[in-house]
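To be precise, the following lines are structure-v3.txt, and they hold compact mmCIF, C-alpha atoms and all ligand atoms.
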# COMPACT_ATOMS: atom_id res chain seq x y z
CA MET A 556 -7.42 17.70 5.13
CA LYS A 557 -10.67 17.06 6.94
CA HIS A 558 -9.15 15.14 9.87
CA GLU A 559 -9.11 16.91 13.20
CA ASN A 560 -7.08 14.43 15.23
CA LEU A 561 -4.12 12.76 13.61
CA LEU A 562 -2.11 10.08 15.45
CA ILE A 563 1.33 9.16 14.16
CA THR A 564 2.72 6.05 15.82
CA GLY A 565 6.51 5.91 15.83
CA GLY A 566 6.18 9.65 15.48
CA ALA A 567 9.53 10.49 17.06
CA GLY A 568 11.32 8.48 14.39
CA PHE A 569 12.58 9.68 11.03
CA VAL A 570 9.46 9.28 8.92
CA GLY A 571 6.94 9.89 11.70
CA SER A 572 8.50 13.11 13.00
CA ASN A 573 8.90 14.61 9.54
CA LEU A 574 5.32 13.76 8.61
CA ALA A 575 4.08 15.15 11.94
CA VAL A 576 5.88 18.47 11.44
CA SER A 577 4.80 18.75 7.80
CA PHE A 578 1.15 17.99 8.61
CA LYS A 579 1.10 20.45 11.49
CA ARG A 580 2.66 23.19 9.36
CA LYS A 581 0.22 22.62 6.53
CA TYR A 582 -2.85 22.11 8.75
CA PRO A 583 -2.22 24.13 11.93
CA ARG A 584 -5.73 23.46 13.24
CA THR A 585 -5.28 19.68 13.18
CA ASN A 586 -4.37 18.15 16.54
CA VAL A 587 -1.25 16.10 15.75
CA ILE A 588 -0.32 13.49 18.35
CA VAL A 589 2.73 11.30 18.15
CA LEU A 590 3.33 8.14 20.14
CA ASP A 591 6.76 6.54 20.41
CA ASN A 592 8.69 4.38 22.87
CA LEU A 593 11.97 6.10 21.89
CA LYS A 594 13.66 2.78 21.21
CA ARG A 595 15.54 4.15 18.22
CA ARG A 596 18.68 5.98 19.24
CA GLY A 597 18.37 9.60 18.14
CA SER A 598 14.55 9.69 18.22
CA GLU A 599 14.77 11.56 21.53
CA LEU A 600 16.35 14.47 19.64
CA ASN A 601 13.07 14.95 17.81
CA LEU A 602 11.11 15.68 20.97
CA VAL A 603 12.18 19.34 21.15
CA ARG A 604 11.38 19.82 17.49
CA LEU A 605 7.96 18.19 17.88
CA LYS A 606 7.17 20.39 20.88
CA GLU A 607 8.31 23.55 19.10
CA ASN A 608 5.90 22.69 16.31
CA GLY A 609 2.92 22.25 18.63
CA ILE A 610 2.79 18.48 18.37
CA ASN A 611 1.69 16.44 21.37
CA PHE A 612 4.02 13.60 22.35
CA ILE A 613 2.95 10.46 24.18
CA HIS A 614 5.63 8.13 25.47
CA GLY A 615 4.10 4.75 24.75
CA ASP A 616 4.78 1.33 23.35
CA ILE A 617 2.52 -0.14 20.67
CA ARG A 618 3.21 -3.60 22.10
CA ASN A 619 1.08 -2.60 25.10
CA PRO A 620 -2.59 -2.11 24.24
CA GLU A 621 -2.92 -0.12 27.49
CA ASP A 622 -0.56 2.51 26.05
CA LEU A 623 -3.00 3.02 23.21
CA ASN A 624 -5.92 4.08 25.40
CA LEU A 625 -5.32 7.66 24.45
CA GLY A 626 -8.43 9.38 25.67
CA ASN A 627 -8.53 11.35 22.41
CA LYS A 628 -10.78 10.67 19.49
CA ILE A 629 -8.51 9.82 16.56
CA ASP A 630 -9.75 10.12 13.01
CA LEU A 631 -6.59 9.30 11.11
CA MET A 632 -3.60 7.16 12.06
CA ILE A 633 -0.33 6.99 10.19
CA GLU A 634 1.43 3.84 11.38
CA CYS A 635 5.18 4.55 11.35
CA SER A 636 6.37 2.70 14.44
CA ALA A 637 8.65 -0.19 13.68
CA GLU A 638 11.81 -2.04 14.21
CA PRO A 639 12.89 -1.15 10.66
CA SER A 640 16.16 -3.03 10.37
CA VAL A 641 16.38 -5.79 7.77
CA LEU A 642 18.81 -7.56 10.09
CA ALA A 643 16.42 -7.47 13.06
CA GLY A 644 16.07 -10.79 14.80
CA TYR A 645 18.91 -12.49 12.91
CA SER A 646 21.59 -12.47 15.55
CA GLN A 647 19.25 -11.97 18.48
CA ASN A 648 15.80 -12.97 19.67
CA PRO A 649 13.20 -12.18 16.98
CA LEU A 650 10.48 -11.31 19.49
CA TYR A 651 11.03 -7.54 19.46
CA VAL A 652 10.57 -7.28 15.71
CA ILE A 653 7.57 -9.63 15.73
CA ASN A 654 5.90 -8.03 18.75
CA THR A 655 6.36 -4.51 17.41
CA ASN A 656 5.91 -4.91 13.66
CA LEU A 657 3.08 -7.42 13.81
CA THR A 658 1.40 -7.61 17.24
CA GLY A 659 1.99 -3.90 17.85
CA THR A 660 0.51 -3.01 14.49
CA ILE A 661 -2.55 -5.11 15.29
CA ASN A 662 -2.90 -3.14 18.55
CA CYS A 663 -2.79 0.03 16.44
CA LEU A 664 -5.46 -1.34 14.13
CA GLU A 665 -7.63 -2.04 17.16
CA LEU A 666 -7.25 1.59 18.17
CA ALA A 667 -8.25 2.61 14.65
CA ARG A 668 -11.24 0.24 14.67
CA LYS A 669 -12.51 1.58 17.99
CA ASN A 670 -12.17 5.17 16.76
CA ASN A 671 -13.41 4.48 13.26
CA ALA A 672 -10.15 6.09 12.10
CA GLY A 673 -8.51 5.79 8.70
CA VAL A 674 -5.11 4.09 8.49
CA ILE A 675 -2.13 4.89 6.32
CA PHE A 676 0.32 2.03 6.77
CA LEU A 677 4.02 2.47 6.08
CA SER A 678 5.12 -0.88 4.72
CA THR A 679 8.27 -1.79 2.90
CA SER A 680 9.72 -3.03 -0.36
CA ARG A 681 11.19 -5.77 1.82
CA VAL A 682 7.92 -7.69 1.53
CA TYR A 683 9.34 -9.05 -1.74
CA ALA A 684 11.32 -12.29 -1.68
CA TYR A 685 15.03 -11.59 -1.60
CA ASP A 686 16.07 -14.71 -3.55
CA ALA A 687 13.64 -13.74 -6.31
CA LEU A 688 15.05 -10.19 -6.39
CA ASN A 689 18.60 -11.51 -6.52
CA SER A 690 17.77 -13.97 -9.28
CA ILE A 691 17.02 -11.14 -11.73
CA LYS A 692 20.03 -11.23 -14.01
CA THR A 693 22.39 -8.28 -13.67
CA GLU A 694 25.29 -6.77 -15.55
CA GLU A 695 28.19 -4.88 -14.07
CA ASN A 696 28.81 -1.32 -15.22
CA GLU A 697 31.63 0.98 -14.19
CA LYS A 698 29.91 2.37 -11.12
CA ARG A 699 26.85 0.23 -10.54
CA LEU A 700 25.13 -3.04 -11.18
CA ASP A 701 22.14 -2.87 -13.47
CA TRP A 702 19.51 -5.35 -14.53
CA GLN A 703 19.85 -7.03 -17.90
CA SER A 704 16.99 -6.05 -20.16
CA GLY A 705 14.66 -8.49 -21.90
CA GLN A 706 13.90 -10.82 -18.99
CA GLN A 707 10.38 -12.19 -18.52
CA ILE A 708 9.68 -11.92 -14.78
CA LYS A 709 6.30 -11.18 -13.24
CA GLY A 710 6.29 -7.82 -11.49
CA TRP A 711 9.65 -6.75 -12.89
CA SER A 712 10.64 -4.43 -15.72
CA MET A 713 13.65 -2.20 -16.33
CA ASN A 714 11.57 0.52 -14.63
CA GLY A 715 11.59 -1.42 -11.38
CA ILE A 716 9.60 -3.71 -9.14
CA ASP A 717 5.82 -3.47 -9.06
CA THR A 718 3.31 -4.98 -6.65
CA ASP A 719 2.96 -8.22 -8.66
CA PHE A 720 6.51 -9.28 -7.79
CA SER A 721 7.01 -12.50 -5.82
CA ILE A 722 6.32 -12.52 -2.10
CA ASP A 723 6.52 -16.32 -1.92
CA THR A 724 9.82 -17.11 -0.22
CA ALA A 725 11.83 -15.54 2.62
CA LYS A 726 11.88 -11.77 2.80
CA THR A 727 13.57 -11.07 6.19
CA LEU A 728 11.74 -11.03 9.51
CA TYR A 729 11.28 -7.31 9.04
CA GLY A 730 9.60 -7.76 5.66
CA ALA A 731 7.57 -10.76 6.81
CA THR A 732 6.14 -8.96 9.83
CA LYS A 733 5.23 -5.98 7.68
CA LEU A 734 3.54 -8.19 5.08
CA ALA A 735 1.63 -10.02 7.82
CA SER A 736 0.45 -6.65 9.13
CA GLU A 737 -0.67 -5.63 5.63
CA ILE A 738 -2.76 -8.79 5.45
CA ILE A 739 -4.41 -8.10 8.81
CA LEU A 740 -5.08 -4.50 7.73
CA GLN A 741 -6.91 -5.82 4.67
CA GLU A 742 -9.05 -7.98 6.99
CA TYR A 743 -9.89 -4.95 9.11
CA ILE A 744 -10.89 -3.12 5.94
CA GLY A 745 -13.07 -6.08 4.91
CA ALA A 746 -14.58 -6.89 8.29
CA TYR A 747 -14.97 -3.51 9.97
CA ASN A 748 -15.33 -1.09 7.10
CA LEU A 749 -12.11 0.58 8.18
CA LYS A 750 -10.48 2.77 5.52
CA GLY A 751 -6.82 2.03 4.90
CA VAL A 752 -3.99 2.11 2.39
CA VAL A 753 -0.59 0.43 2.20
CA ASN A 754 2.61 2.08 0.97
CA ARG A 755 5.43 -0.37 0.30
CA CYS A 756 8.30 2.07 0.44
CA GLY A 757 11.81 1.61 -0.88
CA VAL A 758 14.55 3.56 0.88
CA ILE A 759 13.33 6.86 2.30
CA ALA A 760 15.98 9.45 3.12
CA GLY A 761 16.44 12.98 4.35
CA PRO A 762 17.08 15.07 7.44
CA TRP A 763 16.34 13.70 10.92
CA GLN A 764 17.16 10.13 10.02
CA PHE A 765 19.53 8.60 12.52
CA GLY A 766 21.23 6.34 10.00
CA LYS A 767 23.09 3.29 11.21
CA VAL A 768 24.89 0.45 9.51
CA ASP A 769 21.75 -1.67 9.18
CA GLN A 770 19.19 1.07 8.45
CA GLY A 771 19.20 4.51 6.88
CA VAL A 772 22.17 3.89 4.61
CA PHE A 773 22.30 7.27 2.86
CA THR A 774 22.38 9.25 6.09
CA PHE A 775 24.80 6.73 7.54
CA TRP A 776 27.10 7.28 4.55
CA MET A 777 26.95 11.07 4.84
CA LEU A 778 27.45 10.98 8.63
CA ALA A 779 30.59 8.89 8.12
CA HIS A 780 31.92 11.37 5.58
CA TYR A 781 31.08 14.36 7.74
CA PHE A 782 32.63 12.91 10.91
CA LYS A 783 35.47 11.23 8.97
CA GLN A 784 34.76 7.66 10.01
CA ASP A 785 35.75 4.55 8.08
CA LEU A 786 33.17 2.58 6.12
CA ASN A 787 32.91 -0.79 4.40
CA TYR A 788 31.28 -1.89 1.20
CA ILE A 789 29.52 -5.00 2.45
CA GLY A 790 28.64 -7.96 0.24
CA PHE A 791 28.31 -8.42 -3.52
CA GLU A 792 32.10 -8.70 -3.81
CA GLY A 793 32.66 -5.64 -1.66
CA ARG A 794 32.78 -3.25 -4.61
CA GLY A 795 29.92 -0.94 -3.62
CA LYS A 796 27.95 -1.50 -6.78
CA GLN A 797 24.65 -2.48 -5.19
CA VAL A 798 21.85 -0.03 -6.05
CA ARG A 799 18.85 1.43 -4.25
CA ASP A 800 16.36 4.07 -5.24
CA LEU A 801 15.74 6.73 -2.64
CA LEU A 802 12.83 8.97 -1.85
CA HIS A 803 13.05 12.34 -0.14
CA ILE A 804 10.89 12.51 2.96
CA ASP A 805 9.21 15.67 1.58
CA ASP A 806 8.07 13.74 -1.48
CA LEU A 807 6.65 11.07 0.81
CA PHE A 808 4.76 13.76 2.73
CA GLU A 809 3.20 14.99 -0.50
CA LEU A 810 1.95 11.51 -1.23
CA VAL A 811 0.63 10.78 2.28
CA ASP A 812 -1.11 14.16 2.23
CA ILE A 813 -2.90 13.21 -1.01
CA GLN A 814 -3.88 9.85 0.47
CA ALA A 815 -5.11 11.41 3.72
CA SER A 816 -7.48 13.60 1.73
CA ASN A 817 -8.62 10.75 -0.53
CA LEU A 818 -8.94 7.77 1.78
CA GLU A 819 -12.20 6.54 0.23
CA ARG A 820 -10.55 6.50 -3.16
CA VAL A 821 -7.36 4.69 -2.09
CA ASN A 822 -9.09 2.37 0.36
CA GLY A 823 -7.60 -1.15 0.22
CA ARG A 824 -4.97 -0.18 -2.33
CA VAL A 825 -1.39 -1.41 -2.07
CA TYR A 826 1.25 0.76 -3.68
CA ASN A 827 4.97 0.56 -4.29
CA VAL A 828 6.48 3.93 -3.46
CA GLY A 829 10.04 5.07 -4.10
CA GLY A 830 12.37 7.34 -5.98
CA GLY A 831 12.37 5.15 -9.09
CA ARG A 832 15.20 4.58 -11.54
CA GLN A 833 15.90 8.31 -12.01
CA ILE A 834 16.48 8.75 -8.28
CA SER A 835 18.77 5.85 -7.49
CA LEU A 836 22.38 5.43 -6.45
CA SER A 837 24.96 2.71 -5.98
CA LEU A 838 27.13 2.94 -2.88
CA LEU A 839 30.07 3.85 -5.07
CA GLU A 840 28.11 6.73 -6.58
CA THR A 841 26.98 7.72 -3.09
CA THR A 842 30.59 7.88 -1.96
CA GLU A 843 31.47 10.19 -4.84
CA ALA A 844 28.52 12.45 -4.06
CA CYS A 845 29.31 12.51 -0.32
CA GLU A 846 32.93 13.38 -1.06
CA ARG A 847 31.84 16.22 -3.33
CA ILE A 848 29.30 17.62 -0.87
CA SER A 849 31.28 17.19 2.36
CA GLY A 850 34.73 17.85 0.93
CA ASN A 851 35.98 14.83 2.90
CA LYS A 852 37.46 11.59 1.64
CA ILE A 853 37.40 8.63 4.00
CA LYS A 854 38.77 5.11 4.02
CA ILE A 855 36.31 2.56 2.65
CA GLY A 856 37.19 -1.11 3.00
CA SER A 857 35.59 -4.21 1.54
CA ASP A 858 33.71 -6.92 3.33
CA LEU A 859 33.06 -9.64 0.79
CA LYS A 860 30.51 -11.61 2.78
CA ASN A 861 26.89 -11.04 1.84
CA ARG A 862 24.55 -10.19 4.70
CA LEU A 863 21.58 -12.49 5.05
CA GLY A 864 18.63 -11.08 3.10
CA ASP A 865 20.67 -8.40 1.34
CA ILE A 866 19.76 -7.56 -2.24
CA LYS A 867 21.80 -6.40 -5.21
CA ILE A 868 19.37 -3.93 -6.73
CA TYR A 869 16.07 -2.45 -5.64
CA ILE A 870 14.33 0.12 -7.78
CA THR A 871 10.65 0.98 -7.35
CA ASP A 872 8.24 1.01 -10.26
CA ASN A 873 5.97 3.94 -9.35
CA LYS A 874 3.69 3.51 -12.36
CA LYS A 875 0.64 2.32 -10.42
CA ILE A 876 0.70 5.13 -7.89
CA SER A 877 1.60 7.79 -10.45
CA ASP A 878 -1.21 6.65 -12.78
CA GLU A 879 -3.78 6.54 -9.98
CA LEU A 880 -2.83 9.58 -7.91
CA GLY A 881 -0.71 11.69 -10.21
CA TRP A 882 2.09 11.67 -7.65
CA VAL A 883 5.72 11.65 -8.79
CA PRO A 884 8.82 12.18 -6.66
CA LYS A 885 10.57 15.47 -7.38
CA LYS A 886 13.69 15.66 -5.26
CA THR A 887 16.86 14.38 -6.91
CA THR A 888 19.62 12.34 -5.29
CA THR A 889 21.68 15.54 -5.03
CA ASP A 890 18.80 17.38 -3.30
CA ILE A 891 18.50 14.51 -0.83
CA LEU A 892 22.20 14.29 0.01
CA ASN A 893 22.54 18.10 0.20
CA ASP A 894 19.63 18.26 2.65
CA ILE A 895 21.12 15.51 4.79
CA PHE A 896 24.48 17.27 4.82
CA SER A 897 22.97 20.63 5.85
CA TRP A 898 21.02 18.96 8.63
CA ILE A 899 24.14 17.25 9.99
CA ARG A 900 26.06 20.54 9.88
CA GLU A 901 23.29 22.37 11.74
CA ASN A 902 23.01 19.67 14.42
CA GLU A 903 26.59 18.51 14.62
CA GLN A 904 27.07 18.59 18.40
CA GLN A 905 23.74 16.98 19.24
CA LEU A 906 24.30 14.22 16.70
CA LYS A 907 27.79 13.54 17.96
CA LYS A 908 26.50 13.09 21.47
CA SER A 909 23.38 11.09 20.70
CA LEU A 910 24.91 8.77 18.12
CA GLN A 911 28.12 8.51 20.20
CA ILE A 912 30.33 9.47 17.29
N1 LIG B 1001 13.32 4.77 6.39
C1 LIG B 1001 13.15 3.96 5.37
O1 LIG B 1001 13.97 3.91 4.47
C2 LIG B 1001 11.89 3.12 5.28
C3 LIG B 1001 11.68 2.39 4.11
C4 LIG B 1001 10.54 1.60 4.00
C5 LIG B 1001 9.61 1.59 5.02
N2 LIG B 1001 9.84 2.30 6.14
C6 LIG B 1001 8.84 2.24 7.20
O2 LIG B 1001 8.55 3.52 7.66
C7 LIG B 1001 8.25 3.48 9.04
C8 LIG B 1001 9.12 4.47 9.77
O3 LIG B 1001 10.48 4.11 9.62
P1 LIG B 1001 11.64 5.10 10.05
O4 LIG B 1001 12.65 5.09 8.99
O5 LIG B 1001 11.07 6.37 10.50
O6 LIG B 1001 12.25 4.33 11.29
P2 LIG B 1001 12.67 4.95 12.70
O7 LIG B 1001 13.38 3.85 13.43
O8 LIG B 1001 13.38 6.24 12.52
O9 LIG B 1001 11.26 5.24 13.38
C9 LIG B 1001 10.50 4.26 13.99
C10 LIG B 1001 10.09 4.77 15.35
O10 LIG B 1001 9.31 3.75 15.99
C11 LIG B 1001 9.67 3.73 17.36
N3 LIG B 1001 9.34 2.42 17.89
C12 LIG B 1001 10.01 1.24 17.74
N4 LIG B 1001 9.39 0.27 18.42
C13 LIG B 1001 8.28 0.83 18.98
C14 LIG B 1001 7.26 0.34 19.82
N5 LIG B 1001 7.21 -0.96 20.18
N6 LIG B 1001 6.30 1.19 20.25
C15 LIG B 1001 6.32 2.52 19.90
N7 LIG B 1001 7.30 3.04 19.12
C16 LIG B 1001 8.26 2.19 18.65
C17 LIG B 1001 11.16 4.04 17.39
O11 LIG B 1001 11.57 4.56 18.64
C18 LIG B 1001 11.29 5.06 16.27
O12 LIG B 1001 11.21 6.38 16.76
C19 LIG B 1001 8.47 2.05 9.50
O13 LIG B 1001 7.24 1.39 9.54
C20 LIG B 1001 9.33 1.47 8.43
O14 LIG B 1001 9.11 0.10 8.30
C21 LIG B 1001 10.96 3.07 6.30
Structure rendered as structure tokens:
Amino acid sequence: MKHENLLITGGAGFVGSNLAVSFKRKYPRTNVIVLDNLKRRGSELNLVRLKENGINFIHGDIRNPEDLNLGNKIDLMIECSAEPSVLAGYSQNPLYVINTNLTGTINCLELARKNNAGVIFLSTSRVYAYDALNSIKTEENEKRLDWQSGQQIKGWSMNGIDTDFSIDTAKTLYGATKLASEIILQEYIGAYNLKGVVNRCGVIAGPWQFGKVDQGVFTFWMLAHYFKQDLNYIGFEGRGKQVRDLLHIDDLFELVDIQASNLERVNGRVYNVGGGRQISLSLLETTEACERISGNKIKIGSDLKNRLGDIKIYITDNKKISDELGWVPKKTTTDILNDIFSWIRENEQQLKKSLQI
């Protein structure tokens, strides 16, 4: 990678901290700086790890442009700071999610513009309209819901959702603020000759994710099994058959690394990025895997009420990104859950304290 100064916003979080450590290990001469306001519970645990890996931490808030006067020349920014919960703003004031995910991102783009830095933007599959996703006809199998084949829907196939899928109706405040930021990024690319790329990621999973009920479901599920805490299958009749694909954070690093070295080539591109059909799980299947790996069986109840904006099935169609960049995810669902389990076991006491388990 030719970049000398890499800034990762939200760099104490799950994605940001893992990317920071991986970049620093692969490119020891690159100055890796992370900025984070430590809003996410657990992110503070990453500070020791970042320091041990020679990464510079700045305690700052992307909502404040003053916090982004870094005094360093930045040549690449990976924007990972966010309020990433799909429920954000629903039962409380929406200003935090809007001010961080939209206004804060614009502040980051300003920093990039002033530095003439490239931007890799971590967006989300949640930019797609949830009613449209839920209107794809499904069938119920023993352990999971699946789509019915043979439907004619733009942007959908049995392989998953591609970037042509509908963004027309509501998508959650989280998804809407991310989509709005994508649009502004495209304007910065057009107006200021900034180089940037958008990754609309499905669920990303792996070690150092501080999973909670509304975000980071696979870690949340494994944490509950490890610490023997009750869970609920929420929505879609409470049977745990909803499905997500999942992507190991190491596979995401591989992709972002390719993009960082090929920014001219990927400039302005918007990609869907995820595990794909082969790397997907229903909650029911996740329970079975967590039981097998942890050796623990816990009580799992049913909450029949659907959560606003929740979706039955999300699977990424990676065709566009695989065709263009030759990238394919490699880590299986078992690799991902095994890695999460080992991380919890190695950090049991710290996690107990920080997550108040
Ligand atoms: N984890 C996933 O499954 C997933 C899926 C799709 C997209 N993404 C995107 O990837 C990015 C990283 O997500 P993550 O899973 O690491 O979430 P995370 O919550 O672990 O990390 C986000 C970090 O941003 C920080 N932050 C929040 N508000 C901030 C602010 N105003 N100023 C500075 N820092 C702030 C938090 O403290 C946290 O450390 C986000 O943009 C998210 O939308 C994540």
*What do you get as an MDAnalysis selection string if you pick all residues at most 6 Å from ligand LIG 1001 (chain B), counting all atoms listed in the file?*
chainID A and resid 565 567:571 591:595 598 615:618 635:639 655 677:679 756:759 764 771
*Give me, please, the distance in Å between atom CA of Ile588 of chain A and atom CA of Leu562 of chain A, quoted to one decimal.*
4.8 Å
*Can you work out the spacing between atom CA of Val652 of chain A and atom CA of Arg604 of chain A in Å, to one decimal?*
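One can read the atom CA of Val652 of chain A to atom CA of Arg604 of chain A distance as 27.2 Å.
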_Of the listed residues A:Gly715, A:Gly766, A:Gly751, A:Gly881, that which approaches Tyr869 of chain A most closely, counting only C-alpha atoms_ =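 The answer is A:Gly715, which sits nearest to Tyr869 of chain A.
Distances from A:Glu697, A:Asp806, A:Asp719, A:Asp890 to Tyr826 of chain A were compared using all atoms listed in the file, and the smallest one belongs to A:Asp719.
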